[in-house]
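Have a look at target-v9.txt; it's compact mmCIF, N, CA and C atoms:
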```txt
# COMPACT_ATOMS: atom_id res chain seq x y z
N MET A 1 -36.06 9.51 17.10
CA MET A 1 -35.01 10.01 17.96
C MET A 1 -34.23 11.07 17.19
N PRO A 2 -33.94 12.22 17.81
CA PRO A 2 -33.21 13.28 17.10
C PRO A 2 -31.77 12.85 16.84
N PRO A 3 -31.19 13.41 15.77
CA PRO A 3 -29.81 13.02 15.44
C PRO A 3 -28.85 13.42 16.57
N ASP A 4 -27.89 12.58 16.80
CA ASP A 4 -26.86 12.81 17.80
C ASP A 4 -25.67 13.46 17.07
N ALA A 5 -25.36 14.71 17.42
CA ALA A 5 -24.31 15.46 16.73
C ALA A 5 -22.96 14.76 16.84
N ALA A 6 -22.65 14.18 17.99
CA ALA A 6 -21.37 13.50 18.16
C ALA A 6 -21.28 12.27 17.26
N VAL A 7 -22.38 11.53 17.16
CA VAL A 7 -22.38 10.35 16.31
C VAL A 7 -22.28 10.76 14.85
N ASP A 8 -22.99 11.82 14.47
CA ASP A 8 -22.89 12.33 13.10
C ASP A 8 -21.45 12.75 12.78
N ALA A 9 -20.81 13.45 13.72
CA ALA A 9 -19.43 13.89 13.49
C ALA A 9 -18.50 12.68 13.37
N LEU A 10 -18.69 11.69 14.21
CA LEU A 10 -17.90 10.47 14.14
C LEU A 10 -18.12 9.78 12.80
N GLY A 11 -19.35 9.67 12.40
CA GLY A 11 -19.66 9.03 11.12
C GLY A 11 -19.08 9.78 9.94
N ARG A 12 -19.18 11.10 9.96
CA ARG A 12 -18.64 11.90 8.85
C ARG A 12 -17.11 11.82 8.80
N ARG A 13 -16.47 11.83 9.96
CA ARG A 13 -15.00 11.70 9.99
C ARG A 13 -14.59 10.34 9.46
N THR A 14 -15.31 9.32 9.86
CA THR A 14 -15.02 7.97 9.38
C THR A 14 -15.20 7.90 7.86
N LEU A 15 -16.29 8.47 7.37
CA LEU A 15 -16.52 8.48 5.93
C LEU A 15 -15.41 9.23 5.20
N ASP A 16 -15.00 10.38 5.74
CA ASP A 16 -13.92 11.14 5.11
C ASP A 16 -12.63 10.33 5.04
N LEU A 17 -12.32 9.62 6.11
CA LEU A 17 -11.11 8.79 6.12
C LEU A 17 -11.23 7.63 5.13
N TRP A 18 -12.42 7.00 5.08
CA TRP A 18 -12.60 5.92 4.11
C TRP A 18 -12.45 6.45 2.69
N ARG A 19 -12.98 7.62 2.42
CA ARG A 19 -12.83 8.20 1.08
C ARG A 19 -11.37 8.51 0.77
N GLU A 20 -10.66 9.03 1.77
CA GLU A 20 -9.24 9.32 1.56
C GLU A 20 -8.46 8.03 1.33
N LEU A 21 -8.81 6.98 2.07
CA LEU A 21 -8.17 5.69 1.87
C LEU A 21 -8.48 5.16 0.47
N HIS A 22 -9.70 5.34 0.03
CA HIS A 22 -10.11 4.92 -1.31
C HIS A 22 -9.25 5.65 -2.35
N ALA A 23 -9.05 6.94 -2.17
CA ALA A 23 -8.22 7.72 -3.10
C ALA A 23 -6.77 7.24 -3.08
N ALA A 24 -6.28 6.89 -1.90
CA ALA A 24 -4.91 6.38 -1.81
C ALA A 24 -4.78 5.06 -2.56
N TYR A 25 -5.78 4.21 -2.42
CA TYR A 25 -5.75 2.95 -3.17
C TYR A 25 -5.90 3.20 -4.67
N ASP A 26 -6.63 4.24 -5.06
CA ASP A 26 -6.70 4.61 -6.48
C ASP A 26 -5.32 4.91 -7.02
N ALA A 27 -4.48 5.53 -6.20
CA ALA A 27 -3.12 5.90 -6.63
C ALA A 27 -2.16 4.72 -6.57
N LEU A 28 -2.55 3.66 -5.88
CA LEU A 28 -1.66 2.52 -5.71
C LEU A 28 -1.36 1.81 -7.03
N GLY A 29 -2.35 1.60 -7.84
CA GLY A 29 -2.13 0.92 -9.13
C GLY A 29 -1.09 1.63 -9.98
N PRO A 30 -1.26 2.94 -10.23
CA PRO A 30 -0.24 3.65 -11.01
C PRO A 30 1.14 3.64 -10.34
N ALA A 31 1.18 3.70 -9.02
CA ALA A 31 2.47 3.68 -8.32
C ALA A 31 3.14 2.32 -8.49
N LEU A 32 2.36 1.24 -8.47
CA LEU A 32 2.93 -0.09 -8.69
C LEU A 32 3.41 -0.25 -10.13
N ALA A 33 2.71 0.38 -11.05
CA ALA A 33 3.08 0.28 -12.46
C ALA A 33 4.35 1.06 -12.77
N ALA A 34 4.66 2.07 -11.96
CA ALA A 34 5.85 2.90 -12.19
C ALA A 34 6.62 3.04 -10.89
N PRO A 35 7.20 1.95 -10.37
CA PRO A 35 7.87 2.03 -9.08
C PRO A 35 9.08 2.96 -9.07
N GLU A 36 9.61 3.24 -10.24
CA GLU A 36 10.77 4.14 -10.30
C GLU A 36 10.41 5.57 -9.91
N ALA A 37 9.14 5.88 -9.83
CA ALA A 37 8.71 7.24 -9.50
C ALA A 37 8.80 7.52 -8.00
N ASP A 38 9.13 6.53 -7.19
CA ASP A 38 9.29 6.68 -5.73
C ASP A 38 8.02 7.10 -5.00
N ALA A 39 6.87 6.99 -5.62
CA ALA A 39 5.63 7.35 -4.95
C ALA A 39 5.13 6.22 -4.07
N LEU A 40 5.58 5.03 -4.32
CA LEU A 40 5.04 3.86 -3.63
C LEU A 40 5.30 3.88 -2.13
N GLY A 41 6.49 4.24 -1.71
CA GLY A 41 6.81 4.27 -0.29
C GLY A 41 5.94 5.27 0.46
N ALA A 42 5.82 6.47 -0.07
CA ALA A 42 5.00 7.50 0.58
C ALA A 42 3.53 7.07 0.60
N LEU A 43 3.09 6.47 -0.47
CA LEU A 43 1.70 6.02 -0.55
C LEU A 43 1.44 4.90 0.46
N ALA A 44 2.34 3.97 0.57
CA ALA A 44 2.18 2.88 1.54
C ALA A 44 2.12 3.42 2.97
N ARG A 45 2.97 4.40 3.27
CA ARG A 45 2.94 5.00 4.61
C ARG A 45 1.61 5.72 4.86
N ARG A 46 1.09 6.41 3.84
CA ARG A 46 -0.19 7.12 3.99
C ARG A 46 -1.33 6.13 4.20
N ILE A 47 -1.34 5.06 3.44
CA ILE A 47 -2.38 4.03 3.60
C ILE A 47 -2.32 3.44 5.01
N ALA A 48 -1.13 3.14 5.48
CA ALA A 48 -0.99 2.58 6.84
C ALA A 48 -1.49 3.57 7.89
N ALA A 49 -1.18 4.86 7.71
CA ALA A 49 -1.64 5.87 8.67
C ALA A 49 -3.16 6.00 8.65
N LEU A 50 -3.75 5.99 7.48
CA LEU A 50 -5.21 6.08 7.38
C LEU A 50 -5.88 4.87 8.03
N GLU A 51 -5.36 3.69 7.75
CA GLU A 51 -5.95 2.49 8.33
C GLU A 51 -5.79 2.48 9.85
N HIS A 52 -4.67 3.00 10.33
CA HIS A 52 -4.45 3.10 11.78
C HIS A 52 -5.46 4.07 12.41
N GLU A 53 -5.68 5.20 11.75
CA GLU A 53 -6.64 6.18 12.27
C GLU A 53 -8.08 5.67 12.20
N LEU A 54 -8.36 4.89 11.19
CA LEU A 54 -9.72 4.36 11.02
C LEU A 54 -10.08 3.28 12.04
N ALA A 55 -9.12 2.51 12.49
CA ALA A 55 -9.41 1.34 13.33
C ALA A 55 -10.26 1.68 14.55
N PRO A 56 -9.91 2.66 15.37
CA PRO A 56 -10.77 2.93 16.53
C PRO A 56 -12.12 3.53 16.15
N LEU A 57 -12.16 4.29 15.07
CA LEU A 57 -13.44 4.86 14.64
C LEU A 57 -14.40 3.78 14.18
N VAL A 58 -13.87 2.80 13.49
CA VAL A 58 -14.70 1.69 13.02
C VAL A 58 -15.29 0.95 14.21
N GLU A 59 -14.48 0.73 15.25
CA GLU A 59 -14.98 0.03 16.43
C GLU A 59 -16.07 0.85 17.13
N GLN A 60 -15.88 2.16 17.23
CA GLN A 60 -16.89 3.02 17.85
C GLN A 60 -18.20 2.98 17.06
N LEU A 61 -18.08 3.08 15.73
CA LEU A 61 -19.29 3.05 14.91
C LEU A 61 -19.97 1.69 14.93
N ARG A 62 -19.17 0.64 14.98
CA ARG A 62 -19.74 -0.71 15.04
C ARG A 62 -20.61 -0.85 16.29
N ALA A 63 -20.10 -0.37 17.42
CA ALA A 63 -20.86 -0.44 18.67
C ALA A 63 -22.12 0.42 18.58
N ARG A 64 -21.99 1.59 18.00
CA ARG A 64 -23.14 2.49 17.87
C ARG A 64 -24.20 1.88 16.95
N ARG A 65 -23.79 1.34 15.84
CA ARG A 65 -24.73 0.77 14.88
C ARG A 65 -25.43 -0.46 15.44
N ALA A 66 -24.74 -1.20 16.30
CA ALA A 66 -25.32 -2.41 16.88
C ALA A 66 -26.53 -2.10 17.75
N ARG A 67 -26.58 -0.88 18.26
CA ARG A 67 -27.73 -0.50 19.09
C ARG A 67 -29.01 -0.42 18.26
N GLY A 68 -28.89 -0.05 16.99
CA GLY A 68 -30.03 -0.04 16.08
C GLY A 68 -31.04 1.06 16.27
N ASP A 69 -30.69 2.15 16.92
CA ASP A 69 -31.65 3.24 17.14
C ASP A 69 -31.28 4.51 16.37
N ASP A 70 -30.73 4.33 15.19
CA ASP A 70 -30.31 5.47 14.38
C ASP A 70 -31.48 6.09 13.64
N ASP A 71 -31.33 7.37 13.32
CA ASP A 71 -32.36 8.03 12.54
C ASP A 71 -32.02 7.92 11.05
N ALA A 72 -32.86 8.47 10.21
CA ALA A 72 -32.70 8.33 8.75
C ALA A 72 -31.39 8.94 8.25
N SER A 73 -30.97 10.09 8.80
CA SER A 73 -29.74 10.72 8.32
C SER A 73 -28.52 9.86 8.68
N GLN A 74 -28.56 9.24 9.85
CA GLN A 74 -27.45 8.36 10.21
C GLN A 74 -27.46 7.09 9.37
N ASP A 75 -28.64 6.58 9.09
CA ASP A 75 -28.73 5.41 8.21
C ASP A 75 -28.13 5.71 6.84
N ALA A 76 -28.40 6.90 6.31
CA ALA A 76 -27.84 7.30 5.02
C ALA A 76 -26.31 7.37 5.10
N LEU A 77 -25.80 7.89 6.19
CA LEU A 77 -24.35 7.98 6.39
C LEU A 77 -23.74 6.59 6.47
N TRP A 78 -24.39 5.67 7.20
CA TRP A 78 -23.88 4.31 7.31
C TRP A 78 -23.84 3.65 5.93
N ARG A 79 -24.89 3.86 5.15
CA ARG A 79 -24.93 3.27 3.80
C ARG A 79 -23.79 3.80 2.93
N GLU A 80 -23.50 5.09 3.05
CA GLU A 80 -22.41 5.68 2.27
C GLU A 80 -21.06 5.10 2.71
N ILE A 81 -20.87 4.97 4.01
CA ILE A 81 -19.64 4.35 4.50
C ILE A 81 -19.54 2.92 3.96
N ASP A 82 -20.62 2.16 4.07
CA ASP A 82 -20.62 0.78 3.57
C ASP A 82 -20.29 0.72 2.08
N ARG A 83 -20.82 1.68 1.31
CA ARG A 83 -20.56 1.69 -0.13
C ARG A 83 -19.07 1.89 -0.41
N VAL A 84 -18.43 2.81 0.29
CA VAL A 84 -17.00 3.07 0.08
C VAL A 84 -16.18 1.85 0.49
N VAL A 85 -16.51 1.26 1.63
CA VAL A 85 -15.78 0.08 2.11
C VAL A 85 -15.95 -1.08 1.12
N GLU A 86 -17.17 -1.32 0.67
CA GLU A 86 -17.41 -2.40 -0.30
C GLU A 86 -16.62 -2.19 -1.58
N SER A 87 -16.52 -0.95 -2.02
CA SER A 87 -15.74 -0.65 -3.21
C SER A 87 -14.27 -1.02 -3.02
N LEU A 88 -13.73 -0.71 -1.85
CA LEU A 88 -12.34 -1.09 -1.56
C LEU A 88 -12.18 -2.60 -1.52
N VAL A 89 -13.13 -3.28 -0.90
CA VAL A 89 -13.06 -4.74 -0.80
C VAL A 89 -13.09 -5.37 -2.19
N GLU A 90 -13.96 -4.86 -3.07
CA GLU A 90 -14.07 -5.39 -4.43
C GLU A 90 -12.78 -5.19 -5.21
N ARG A 91 -12.06 -4.10 -4.94
CA ARG A 91 -10.84 -3.80 -5.68
C ARG A 91 -9.61 -4.52 -5.15
N SER A 92 -9.70 -5.06 -3.95
CA SER A 92 -8.53 -5.68 -3.32
C SER A 92 -7.87 -6.76 -4.18
N PRO A 93 -8.62 -7.69 -4.76
CA PRO A 93 -7.94 -8.72 -5.58
C PRO A 93 -7.14 -8.12 -6.74
N ALA A 94 -7.66 -7.10 -7.38
CA ALA A 94 -6.93 -6.49 -8.49
C ALA A 94 -5.66 -5.81 -7.99
N LEU A 95 -5.73 -5.18 -6.82
CA LEU A 95 -4.54 -4.54 -6.27
C LEU A 95 -3.49 -5.56 -5.87
N VAL A 96 -3.94 -6.68 -5.32
CA VAL A 96 -3.00 -7.75 -4.97
C VAL A 96 -2.32 -8.27 -6.23
N ARG A 97 -3.09 -8.48 -7.29
CA ARG A 97 -2.50 -8.95 -8.56
C ARG A 97 -1.49 -7.93 -9.08
N ALA A 98 -1.82 -6.64 -9.01
CA ALA A 98 -0.89 -5.60 -9.47
C ALA A 98 0.38 -5.60 -8.63
N ALA A 99 0.24 -5.77 -7.33
CA ALA A 99 1.42 -5.79 -6.45
C ALA A 99 2.29 -7.00 -6.75
N LEU A 100 1.66 -8.16 -6.97
CA LEU A 100 2.43 -9.36 -7.29
C LEU A 100 3.13 -9.22 -8.64
N ALA A 101 2.46 -8.63 -9.60
CA ALA A 101 3.08 -8.41 -10.91
C ALA A 101 4.26 -7.45 -10.79
N ALA A 102 4.10 -6.41 -9.99
CA ALA A 102 5.20 -5.46 -9.78
C ALA A 102 6.36 -6.17 -9.08
N ARG A 103 6.05 -6.98 -8.08
CA ARG A 103 7.10 -7.72 -7.38
C ARG A 103 7.83 -8.65 -8.34
N ASP A 104 7.07 -9.35 -9.18
CA ASP A 104 7.68 -10.26 -10.15
C ASP A 104 8.56 -9.49 -11.13
N GLY A 105 8.08 -8.32 -11.56
CA GLY A 105 8.87 -7.50 -12.47
C GLY A 105 10.17 -7.04 -11.84
N VAL A 106 10.12 -6.64 -10.58
CA VAL A 106 11.33 -6.22 -9.89
C VAL A 106 12.27 -7.41 -9.72
N ALA A 107 11.73 -8.57 -9.39
CA ALA A 107 12.56 -9.77 -9.22
C ALA A 107 13.25 -10.13 -10.54
N GLU A 108 12.53 -10.05 -11.64
CA GLU A 108 13.14 -10.33 -12.95
C GLU A 108 14.24 -9.33 -13.25
N TRP A 109 14.00 -8.07 -12.96
CA TRP A 109 15.00 -7.02 -13.20
C TRP A 109 16.25 -7.30 -12.36
N LEU A 110 16.05 -7.65 -11.08
CA LEU A 110 17.19 -7.95 -10.22
C LEU A 110 17.97 -9.16 -10.73
N ALA A 111 17.27 -10.17 -11.20
CA ALA A 111 17.94 -11.35 -11.74
C ALA A 111 18.77 -10.99 -12.97
N ARG A 112 18.23 -10.15 -13.85
CA ARG A 112 19.00 -9.71 -15.03
C ARG A 112 20.22 -8.91 -14.61
N ARG A 113 20.06 -8.04 -13.62
CA ARG A 113 21.19 -7.23 -13.15
C ARG A 113 22.26 -8.13 -12.54
N SER A 114 21.83 -9.12 -11.78
CA SER A 114 22.78 -10.04 -11.15
C SER A 114 23.55 -10.82 -12.22
N ALA A 115 22.83 -11.27 -13.24
CA ALA A 115 23.48 -12.00 -14.34
C ALA A 115 24.46 -11.10 -15.06
N ALA A 116 24.09 -9.85 -15.28
CA ALA A 116 24.98 -8.91 -15.96
C ALA A 116 26.24 -8.68 -15.12
N ARG A 117 26.09 -8.54 -13.82
CA ARG A 117 27.26 -8.34 -12.95
C ARG A 117 28.15 -9.57 -12.98
N SER A 118 27.54 -10.74 -13.02
CA SER A 118 28.31 -11.97 -13.07
C SER A 118 29.16 -12.02 -14.33
N ARG A 119 28.58 -11.62 -15.46
CA ARG A 119 29.33 -11.62 -16.71
C ARG A 119 30.48 -10.62 -16.65
N VAL A 120 30.24 -9.48 -16.04
CA VAL A 120 31.29 -8.45 -15.92
C VAL A 120 32.42 -8.98 -15.06
N GLU A 121 32.11 -9.67 -13.98
CA GLU A 121 33.14 -10.19 -13.10
C GLU A 121 34.03 -11.20 -13.82
N ARG A 122 33.46 -12.00 -14.68
CA ARG A 122 34.25 -13.02 -15.39
C ARG A 122 35.19 -12.40 -16.41
N TYR A 123 34.85 -11.23 -16.90
CA TYR A 123 35.69 -10.61 -17.91
C TYR A 123 36.58 -9.51 -17.34
N ALA A 124 36.62 -9.42 -16.04
CA ALA A 124 37.48 -8.41 -15.42
C ALA A 124 38.93 -8.77 -15.73
N ALA A 125 39.76 -7.76 -15.73
CA ALA A 125 41.18 -8.00 -16.02
C ALA A 125 41.76 -8.94 -14.96
N ALA A 126 42.56 -9.85 -15.42
CA ALA A 126 43.20 -10.80 -14.52
C ALA A 126 44.27 -10.07 -13.72
N PRO A 127 44.50 -10.49 -12.51
CA PRO A 127 45.55 -9.85 -11.72
C PRO A 127 46.92 -10.14 -12.34
N PRO A 128 47.87 -9.25 -12.12
CA PRO A 128 49.20 -9.50 -12.70
C PRO A 128 49.80 -10.78 -12.13
N PRO A 129 50.58 -11.48 -12.94
CA PRO A 129 51.16 -12.74 -12.46
C PRO A 129 52.13 -12.48 -11.30
N VAL A 130 52.19 -13.43 -10.42
CA VAL A 130 53.13 -13.35 -9.30
C VAL A 130 54.42 -13.99 -9.74
N SER A 131 55.51 -13.30 -9.50
CA SER A 131 56.82 -13.83 -9.90
C SER A 131 57.14 -15.04 -9.03
N ARG A 132 57.53 -16.11 -9.66
CA ARG A 132 57.84 -17.33 -8.94
C ARG A 132 59.35 -17.53 -8.82
N THR A 133 60.10 -16.68 -9.43
CA THR A 133 61.55 -16.81 -9.32
C THR A 133 62.04 -15.94 -8.21
N SER A 134 63.04 -16.37 -7.55
CA SER A 134 63.61 -15.55 -6.49
C SER A 134 64.99 -15.09 -6.88
N ARG A 135 65.33 -13.99 -6.35
CA ARG A 135 66.67 -13.47 -6.65
C ARG A 135 67.62 -13.94 -5.57
N ARG A 136 68.78 -14.31 -6.05
CA ARG A 136 69.80 -14.69 -5.08
C ARG A 136 70.76 -13.53 -4.95
N ALA A 137 71.02 -13.21 -3.78
CA ALA A 137 71.94 -12.11 -3.57
C ALA A 137 73.35 -12.54 -3.43
```

Encoded form (structure tokens):
Amino acid sequence: MPPDAAVDALGRRTLDLWRELHAAYDALGPALAAPEADALGALARRIAALEHELAPLVEQLRARRARGDDDASQDALWREIDRVVESLVERSPALVRAALAARDGVAEWLARRSAARSRVERYAAAPPPVSRTSRRA
């Protein structure tokens, strides 16, 4: 069966998005390691946008692949998509560990800051005494 240009375009767009998502996840580890750089918020929004854009494409390709009448070039494209997706799946546990470590680090920092503020509050200057004597006119 000759290649279907629309299916090829769909597959290539899906592969491009998966690759872009892979690159975003590549940047996630360094962003988690240096949260003060403010890259994490933008990166999280980009990952969410990519995953949102990929969702309908994945469903379209899943239906197309289920038919099983693809030619060799489409089979090669499907294998490449599968390779990128599998790479992301394999990396997920490490990214979760990095995110949890970053969360724990931030929690420890907040606890230290809270303790420091507590110490400062205890040593703040006492308010001036209130006079308890009254004047008689």

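Distance check against Leu32 (chain A) using only C-alpha atoms: of A:Ala98, A:Ala111, A:Ala9, A:Ala116, the minimum falls on A:Ala98.
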
Could you work out how far CA of Tyr25 (chain A) lies from CA of Ser92 (chain A), giving the answer in Å with one decimal?
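Separation between CA of Ser92 (chain A) and CA of Tyr25 (chain A): 9.1 Å.
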
Straight-line distance linking CA of Leu88 (chain A) with atom C of Leu17 (chain A), stated in Å to one decimal
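Taking CA of Leu88 (chain A) and atom C of Leu17 (chain A), their separation equals 11.0 Å.
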
What is the atom N of Pro93 (chain A)-atom N of Leu10 (chain A) distance in Å, reported with one decimal?
28.9 Å

Please provide the set of residues having any atom within 12 Å of Ala31 (chain A), restricted to only C-alpha atoms, with same-chain residues fewer than 5 positions apart removed, written as a PyMOL selection string.
chain A and resi 24-26+36-44+95+98-99+102

Based on DSSP run over this structure's backbone, return all residues of chain A in alpha helix (DSSP H), as a PyMOL selection string.
chain A and resi 5-33+39-67+72-122

Between A:Ala115, A:Asp4, A:His22, A:Val106, single out the one closest to Val89 (chain A), counting only C-alpha atoms.
A:His22

Spatial neighbours of region 79-82 of chain A, max dist 8 Å, only N, CA and C atoms, sep filter under 6 positions, as JSON, numbers by chain:
{"A": [11, 14, 15, 16, 18, 19, 73, 88]}
